[in-house]
>>> print(open('model01.txt').read())   # compact mmCIF, C-alpha atoms
# COMPACT_ATOMS: atom_id res chain seq x y z
CA MET F 843 17.45 -39.12 -43.53
CA ASP F 844 16.10 -40.65 -40.27
CA ILE F 845 18.66 -39.61 -37.67
CA ASN F 846 17.00 -41.71 -34.97
CA MET F 847 17.33 -44.80 -37.15
CA ILE F 848 21.01 -44.01 -37.81
CA GLY F 849 21.60 -43.56 -34.08
CA ASN F 850 19.96 -46.89 -33.31
CA GLN F 851 22.08 -48.62 -35.95
CA ILE F 852 25.28 -47.10 -34.54
CA ALA F 853 24.37 -48.22 -31.01
CA LYS F 854 23.47 -51.74 -32.18
CA ALA F 855 26.71 -52.19 -34.12
CA ARG F 856 28.80 -50.74 -31.26
CA LYS F 857 27.26 -53.12 -28.73
CA LYS F 858 27.80 -56.07 -31.06
CA MET F 859 31.50 -55.09 -31.18
CA ASN F 860 31.39 -55.01 -27.34
CA ILE F 861 32.92 -51.53 -27.06
CA THR F 862 31.79 -48.51 -25.05
CA GLN F 863 30.90 -45.08 -26.38
CA SER F 864 34.21 -43.81 -25.00
CA GLN F 865 36.20 -46.55 -26.72
CA LEU F 866 34.47 -45.84 -30.03
CA ALA F 867 35.09 -42.12 -29.59
CA GLU F 868 38.81 -42.70 -28.99
CA GLN F 869 39.15 -44.57 -32.27
CA LEU F 870 37.40 -41.71 -34.09
CA PHE F 871 39.38 -38.99 -32.23
CA ILE F 872 36.17 -37.34 -31.02
CA SER F 873 34.43 -36.95 -27.65
CA ALA F 874 32.24 -39.61 -26.07
CA GLN F 875 29.53 -36.95 -25.85
CA ALA F 876 29.44 -36.77 -29.66
CA VAL F 877 28.86 -40.53 -29.90
CA GLY F 878 26.10 -40.22 -27.32
CA LYS F 879 24.38 -37.52 -29.37
CA TRP F 880 24.48 -39.75 -32.45
CA GLU F 881 22.93 -42.67 -30.62
CA ARG F 882 20.21 -40.45 -29.11
CA GLY F 883 19.35 -39.07 -32.54
CA GLU F 884 20.44 -35.52 -31.70
CA SER F 885 23.03 -35.30 -34.51
CA VAL F 886 24.65 -37.40 -37.21
CA PRO F 887 28.30 -37.94 -38.22
CA ASP F 888 29.64 -36.15 -41.28
CA ILE F 889 30.42 -38.25 -44.36
CA ILE F 890 34.13 -38.76 -43.63
CA THR F 891 33.44 -39.76 -40.02
CA MET F 892 30.67 -42.09 -41.22
CA ASN F 893 33.15 -43.79 -43.52
CA LYS F 894 35.59 -44.34 -40.62
CA LEU F 895 32.72 -45.43 -38.39
CA ALA F 896 31.68 -48.13 -40.85
CA GLU F 897 35.25 -49.47 -40.95
CA ILE F 898 35.54 -49.60 -37.16
CA LEU F 899 32.14 -51.27 -36.71
CA GLU F 900 32.85 -53.60 -39.66
CA VAL F 901 29.63 -52.82 -41.52
CA ASP F 902 28.78 -51.70 -45.03
CA LEU F 903 27.88 -48.02 -45.29
CA ASN F 904 24.44 -49.01 -46.56
CA TYR F 905 23.87 -50.41 -43.06
CA PHE F 906 23.13 -46.81 -41.99
CA SER F 907 20.68 -46.25 -44.87
CA GLU F 908 16.91 -46.11 -44.50
CA LYS F 909 16.77 -48.71 -47.27
CA PHE F 910 18.56 -51.28 -45.12
CA ASN F 911 16.32 -53.88 -43.44
CA SER F 912 17.09 -53.33 -39.76
CA ASN F 913 15.83 -56.39 -37.90
CA GLU F 914 17.69 -57.91 -34.96
CA ASN F 915 19.82 -60.11 -37.18
CA ASP F 916 20.95 -57.37 -39.60
CA LEU F 917 24.63 -57.60 -38.76
CA ASP F 918 24.71 -61.40 -38.67
CA LEU F 919 22.95 -61.59 -42.04
CA LEU F 920 25.22 -58.94 -43.52
CA ASP F 921 28.38 -60.69 -42.30
CA LYS F 922 27.12 -64.02 -43.63
CA ASN F 923 26.21 -62.61 -47.04
CA ILE F 924 29.54 -60.79 -47.38
CA GLN F 925 31.54 -63.88 -46.47
CA THR F 926 29.47 -66.06 -48.82
CA GLU F 927 29.92 -63.75 -51.78
CA PHE F 928 33.41 -62.34 -51.25
CA GLY F 929 35.18 -64.60 -48.76
CA ASP F 930 37.78 -63.35 -46.28
CA SER F 931 38.85 -60.52 -48.59
CA ALA F 932 35.48 -58.80 -48.19
CA LYS F 933 36.71 -56.28 -45.65
CA SER F 934 39.29 -54.95 -48.08
CA SER F 935 36.77 -54.49 -50.92
CA LYS F 936 35.29 -51.14 -51.86
CA LEU F 937 32.54 -49.80 -49.63
CA ASN F 938 29.32 -48.95 -51.42
CA TRP F 939 27.41 -46.00 -50.02
CA ASP F 940 24.21 -44.86 -51.74
CA MET F 941 23.90 -41.10 -51.10
CA SER F 942 20.87 -40.59 -53.33
CA LYS F 943 18.16 -37.97 -52.85
CA GLY F 944 20.30 -35.71 -50.69
CA ASN F 945 21.26 -32.05 -50.52
CA TRP F 946 25.00 -31.58 -49.97
CA VAL F 947 26.14 -27.99 -49.40
CA ASP F 948 29.70 -26.89 -48.53
CA ALA F 949 30.66 -30.49 -47.64
CA ASP F 950 34.30 -31.54 -47.82
CA PHE F 951 34.71 -35.03 -49.33
CA SER F 952 38.38 -34.45 -50.24
CA GLY F 953 40.71 -37.41 -50.15
CA LEU F 954 38.07 -40.14 -50.07
CA LYS F 955 39.60 -43.38 -51.28
CA GLU F 956 38.14 -46.68 -52.46
CA LEU F 957 34.58 -45.40 -52.26
CA ASN F 958 32.19 -46.37 -55.04
CA SER F 959 29.65 -43.60 -54.39
CA LYS F 960 26.21 -43.04 -55.83
CA PHE F 961 24.64 -39.60 -55.81
CA GLY F 962 21.33 -40.22 -57.62
CA SER F 963 18.78 -37.36 -57.69
CA SER F 964 20.92 -35.17 -55.44
CA ASN F 965 21.99 -31.54 -55.29
CA LEU F 966 25.66 -30.77 -54.65
CA LEU F 967 26.69 -27.14 -54.09
CA ARG F 968 30.21 -25.89 -53.34
CA CYS F 969 31.39 -29.34 -52.22
CA LYS F 970 35.03 -30.48 -52.35
CA PHE F 971 36.22 -33.79 -53.77
CA ILE F 972 39.89 -32.85 -54.20
CA GLY F 973 42.14 -35.86 -54.74
CA SER F 974 39.30 -38.35 -54.31
CA ASP F 975 38.83 -41.83 -55.75
CA LEU F 976 35.48 -41.67 -57.56
CA ALA F 977 36.20 -44.30 -60.20
CA GLU F 978 33.04 -45.92 -61.57
CA LEU F 979 30.92 -43.25 -59.86
CA LEU F 980 27.25 -43.29 -60.85
CA LEU F 981 25.87 -39.76 -61.01
CA LYS F 982 22.27 -39.72 -62.26
CA SER F 983 19.68 -36.91 -62.32
CA ASN F 984 21.84 -34.53 -60.29
CA ASN F 985 22.59 -30.85 -60.12
CA VAL F 986 26.28 -30.26 -59.35
CA ASP F 987 27.23 -26.60 -58.98
CA SER F 988 30.53 -24.92 -58.08
CA CYS F 989 32.19 -28.09 -56.73
CA ASP F 990 35.94 -28.80 -56.83
CA PHE F 991 37.07 -32.24 -58.11
CA THR F 992 40.72 -31.27 -58.78
CA ASP F 993 43.11 -34.26 -59.16
CA SER F 994 40.33 -36.83 -58.65
CA ASP F 995 39.95 -40.19 -60.37
CA LEU F 996 36.62 -40.33 -62.23
CA SER F 997 37.60 -43.03 -64.69
CA LYS F 998 34.76 -45.18 -66.01
CA CYS F 999 32.22 -43.00 -64.21
CA LYS F 1000 28.70 -42.61 -65.62
CA ILE F 1001 27.14 -39.15 -65.49
CA MET F 1002 23.56 -39.30 -66.76
CA SER F 1003 20.71 -36.79 -67.09
CA SER F 1004 22.57 -34.28 -64.93
CA ASN F 1005 23.51 -30.61 -64.91
CA LEU F 1006 27.12 -29.75 -64.09
CA SER F 1007 27.83 -26.03 -63.80
CA LYS F 1008 30.92 -24.05 -62.79
CA ASN F 1009 32.75 -27.08 -61.43
CA ILE F 1010 36.53 -27.51 -61.33
CA PHE F 1011 37.86 -30.77 -62.79
CA MET F 1012 41.49 -29.76 -63.30
CA ASN F 1013 43.85 -32.70 -63.94
CA CYS F 1014 41.12 -35.27 -63.33
CA ASN F 1015 41.06 -38.72 -64.88
CA PHE F 1016 37.91 -39.21 -66.98
CA LYS F 1017 39.22 -42.13 -69.04
CA GLU F 1018 36.39 -44.27 -70.46
CA ALA F 1019 33.83 -42.08 -68.68
CA GLU F 1020 30.30 -41.70 -70.06
CA PHE F 1021 28.37 -38.43 -70.22
CA ILE F 1022 24.79 -39.11 -71.33
CA LYS F 1023 22.00 -36.51 -71.66
CA THR F 1024 24.04 -34.13 -69.52
CA ASN F 1025 24.70 -30.39 -69.62
CA LEU F 1026 28.25 -29.21 -68.92
CA GLU F 1027 28.40 -25.45 -68.45
CA LYS F 1028 31.36 -23.24 -67.54
CA CYS F 1029 33.35 -26.15 -66.11
CA ASP F 1030 37.15 -26.23 -65.99
CA PHE F 1031 38.43 -29.43 -67.61
CA SER F 1032 41.99 -28.21 -68.12
CA GLY F 1033 44.57 -31.00 -68.05
CA VAL F 1034 41.87 -33.68 -67.98
CA ALA F 1035 42.41 -37.13 -69.54
CA PHE F 1036 39.27 -37.98 -71.52
CA ASN F 1037 40.80 -40.94 -73.37
CA GLY F 1038 38.07 -43.24 -74.64
CA ALA F 1039 35.26 -41.17 -73.10
CA LEU F 1040 31.74 -41.04 -74.54
CA PHE F 1041 29.62 -37.89 -74.82
CA GLU F 1042 26.09 -38.77 -75.96
CA LYS F 1043 23.29 -36.20 -76.26
CA THR F 1044 25.44 -33.94 -74.09
CA PHE F 1045 25.73 -30.17 -74.49
CA ILE F 1046 29.07 -28.56 -73.59
CA TYR F 1047 28.96 -24.79 -73.12
CA ALA F 1048 31.80 -22.37 -72.30
CA CYS F 1049 34.02 -25.06 -70.76
CA ASN F 1050 37.81 -24.85 -70.53
CA LEU F 1051 39.50 -27.80 -72.26
CA ASN F 1052 43.03 -26.41 -72.26
CA ASP F 1053 45.64 -29.20 -72.24
CA ALA F 1054 42.88 -31.83 -72.14
CA ASP F 1055 43.57 -35.20 -73.78
CA LEU F 1056 40.68 -36.10 -76.09
CA THR F 1057 42.24 -39.16 -77.67
CA SER F 1058 39.66 -41.65 -79.00
CA VAL F 1059 36.72 -39.66 -77.64
CA LEU F 1060 33.28 -40.33 -79.15
CA VAL F 1061 30.83 -37.41 -79.30
CA LYS F 1062 27.41 -38.05 -80.80
CA PHE F 1063 24.13 -36.16 -80.98
CA GLY F 1064 25.69 -33.38 -78.90
CA GLY F 1065 26.65 -29.73 -79.12
CA LEU F 1066 29.67 -27.55 -78.30
CA SER F 1067 29.54 -23.81 -77.80
CA GLY F 1068 32.15 -21.33 -76.63
CA ILE F 1069 34.82 -24.03 -76.24
CA ALA F 1070 38.53 -23.27 -76.10
CA GLY F 1071 41.20 -25.96 -76.15
CA LYS F 1072 44.85 -26.51 -77.00
CA SER F 1073 47.31 -29.39 -76.75
CA VAL F 1074 49.89 -29.48 -73.97
CA ASP F 1075 52.67 -30.58 -76.32
CA PRO F 1076 52.80 -29.76 -80.06
CA GLU F 1077 54.48 -33.12 -80.68
CA ILE F 1078 51.54 -35.03 -79.18
CA ASN F 1079 48.18 -34.88 -80.90
CA THR F 1080 45.80 -34.96 -77.93
CA ILE F 1081 42.61 -34.85 -80.01
CA SER F 1082 43.41 -37.79 -82.29
CA ASN F 1083 40.79 -40.37 -83.31
CA VAL F 1084 37.90 -38.20 -82.09
CA VAL F 1085 34.56 -39.09 -83.69
CA TRP F 1086 31.99 -36.30 -84.09
CA ASN F 1087 28.61 -37.86 -84.91
CA ARG F 1088 25.76 -35.43 -85.71
CA CYS F 1089 27.15 -32.65 -83.52
CA SER F 1090 26.73 -28.89 -83.66
CA PHE F 1091 29.53 -26.34 -83.12
CA ARG F 1092 29.38 -22.65 -82.23
CA ASP F 1093 32.24 -20.32 -81.23
CA THR F 1094 34.52 -23.35 -80.81
CA TYR F 1095 38.21 -23.70 -81.60
CA PHE F 1096 41.09 -26.09 -80.94
CA SER F 1097 44.71 -25.14 -81.51
CA ASP F 1098 48.24 -26.29 -80.84
>>> encode(input="model01.txt", output="C-alpha cells")
Amino acid sequence: MDINMIGNQIAKARKKMNITQSQLAEQLFISAQAVGKWERGESVPDIITMNKLAEILEVDLNYFSEKFNSNENDLDLLDKNIQTEFGDSAKSSKLNWDMSKGNWVDADFSGLKELNSKFGSSNLLRCKFIGSDLAELLLKSNNVDSCDFTDSDLSKCKIMSSNLSKNIFMNCNFKEAEFIKTNLEKCDFSGVAFNGALFEKTFIYACNLNDADLTSVLVKFGGLSGIAGKSVDPEINTISNVVWNRCSFRDTYFSD
C-alpha cells in the first residue's frame, strides 16, 4: 500500500469538491490534523473511515488503490464512466473495494453495509465482521483465522482455495454460497443457513453445524471429519435433499 499515493488522491478529490481539510474532518468527526497527516502520507484512514471518505468525496473505493490510473483527469473520467454505465442511480450502487494482497490483523469491519468486498491472497487474523453485508463476497487464496462473522450476510459468496480456521459464523446466511478447494477447520457454523450451497473439493474438520440448515446442499469430492450437527426443530428436516457425491466421512453424526 503506497500511503503517499493515497494521501495525494485524498487531497486531489478534496480540492475537486472545493472543501478544506477542516470541513472534510468535520464530516468525518475527526480532527483536521488527522486529514493533514493522510494527505502528507504520514498515516492512512482505517477501512470504515475510508468507506465514509469515499462517499463524501463521491469516488469509488478503488480510486484509492494502487491499481487505479491516477492522471489529472481521474475523477472526471471516473464520473463520466459511472454516469455512462449506471446513470443517475450510480451513487446508490454498491461500492467495490479490492482489498487483495493485504494483511488484516485485529481490524473491526463490523456493520459494513452494501460493500462488495474482495480479499484475494490476503491474511485475516482476529478481525470482526459482525452484522456485515458480505453478499457475493469473493474470497480467493486467503487464510482467515479466528475472525468473527456472527449475523453476517454471506449469501452467494465464493470462497475458493482458502483456509478458514477457528472462525465464528453463528447465524450467518450462506445461501447459494460456493466453497471450492477450501479447508474449513474448527469453525462455528451453528444456526447457519446453507440452503443451496455448494461444497466442492472442500474438507470440513471439527466444525460445529448445530441447528444449521443444509437443505438442498451439494457436497462433492469432499470430506467431513469430527462433525456434529442437529436440527433446530424435529418437525423440520434441515438436511433434506442433500447430495453427497464421492465424499468421505469420519467421526461424523447428524441427529434430531
>>> residues_around(input="model01.txt", residues="F:Phe1045", least_positions_apart="6", cutoff="8 Å", atoms="only C-alpha atoms", output="compact mmCIF listing (two decimals) with C-alpha atoms, in the coordinates of the input")
# COMPACT_ATOMS: atom_id res chain seq x y z
CA LYS F 1023 22.00 -36.51 -71.66
CA THR F 1024 24.04 -34.13 -69.52
CA ASN F 1025 24.70 -30.39 -69.62
CA LEU F 1026 28.25 -29.21 -68.92
CA GLY F 1064 25.69 -33.38 -78.90
CA GLY F 1065 26.65 -29.73 -79.12
CA LEU F 1066 29.67 -27.55 -78.30
>>> closest_residue(input="model01.txt", among="F:Val901, F:Val1059, F:Ala896, F:Leu1051", to="F:Phe1021", atoms="all atoms listed in the file")
F:Val1059
>>> closest_residue(input="model01.txt", among="F:Lys1028, F:Lys982, F:Lys1043, F:Lys1008", to="F:Ser1067", atoms="all atoms listed in the file")
F:Lys1028
>>> residues_near_point(input="model01.txt", point="(28.8, -47.5, -31.5)", cutoff="10 Å", atoms="only C-alpha atoms", output="mmCIF file with C-alpha atoms, in the coordinates of the input")
data_model
loop_
_atom_site.group_PDB
_atom_site.id
_atom_site.type_symbol
_atom_site.label_atom_id
_atom_site.label_comp_id
_atom_site.auth_asym_id
_atom_site.auth_seq_id
_atom_site.Cartn_x
_atom_site.Cartn_y
_atom_site.Cartn_z
ATOM 1 C CA GLY F 849 21.600 -43.560 -34.080
ATOM 2 C CA ASN F 850 19.960 -46.890 -33.310
ATOM 3 C CA GLN F 851 22.080 -48.620 -35.950
ATOM 4 C CA ILE F 852 25.280 -47.100 -34.540
ATOM 5 C CA ALA F 853 24.370 -48.220 -31.010
ATOM 6 C CA LYS F 854 23.470 -51.740 -32.180
ATOM 7 C CA ALA F 855 26.710 -52.190 -34.120
ATOM 8 C CA ARG F 856 28.800 -50.740 -31.260
ATOM 9 C CA LYS F 857 27.260 -53.120 -28.730
ATOM 10 C CA LYS F 858 27.800 -56.070 -31.060
ATOM 11 C CA MET F 859 31.500 -55.090 -31.180
ATOM 12 C CA ASN F 860 31.390 -55.010 -27.340
ATOM 13 C CA ILE F 861 32.920 -51.530 -27.060
ATOM 14 C CA THR F 862 31.790 -48.510 -25.050
ATOM 15 C CA GLN F 863 30.900 -45.080 -26.380
ATOM 16 C CA SER F 864 34.210 -43.810 -25.000
ATOM 17 C CA GLN F 865 36.200 -46.550 -26.720
ATOM 18 C CA LEU F 866 34.470 -45.840 -30.030
ATOM 19 C CA ALA F 867 35.090 -42.120 -29.590
ATOM 20 C CA VAL F 877 28.860 -40.530 -29.900
ATOM 21 C CA GLY F 878 26.100 -40.220 -27.320
ATOM 22 C CA TRP F 880 24.480 -39.750 -32.450
ATOM 23 C CA GLU F 881 22.930 -42.670 -30.620
ATOM 24 C CA LEU F 895 32.720 -45.430 -38.390
ATOM 25 C CA ALA F 896 31.680 -48.130 -40.850
ATOM 26 C CA ILE F 898 35.540 -49.600 -37.160
ATOM 27 C CA LEU F 899 32.140 -51.270 -36.710
#
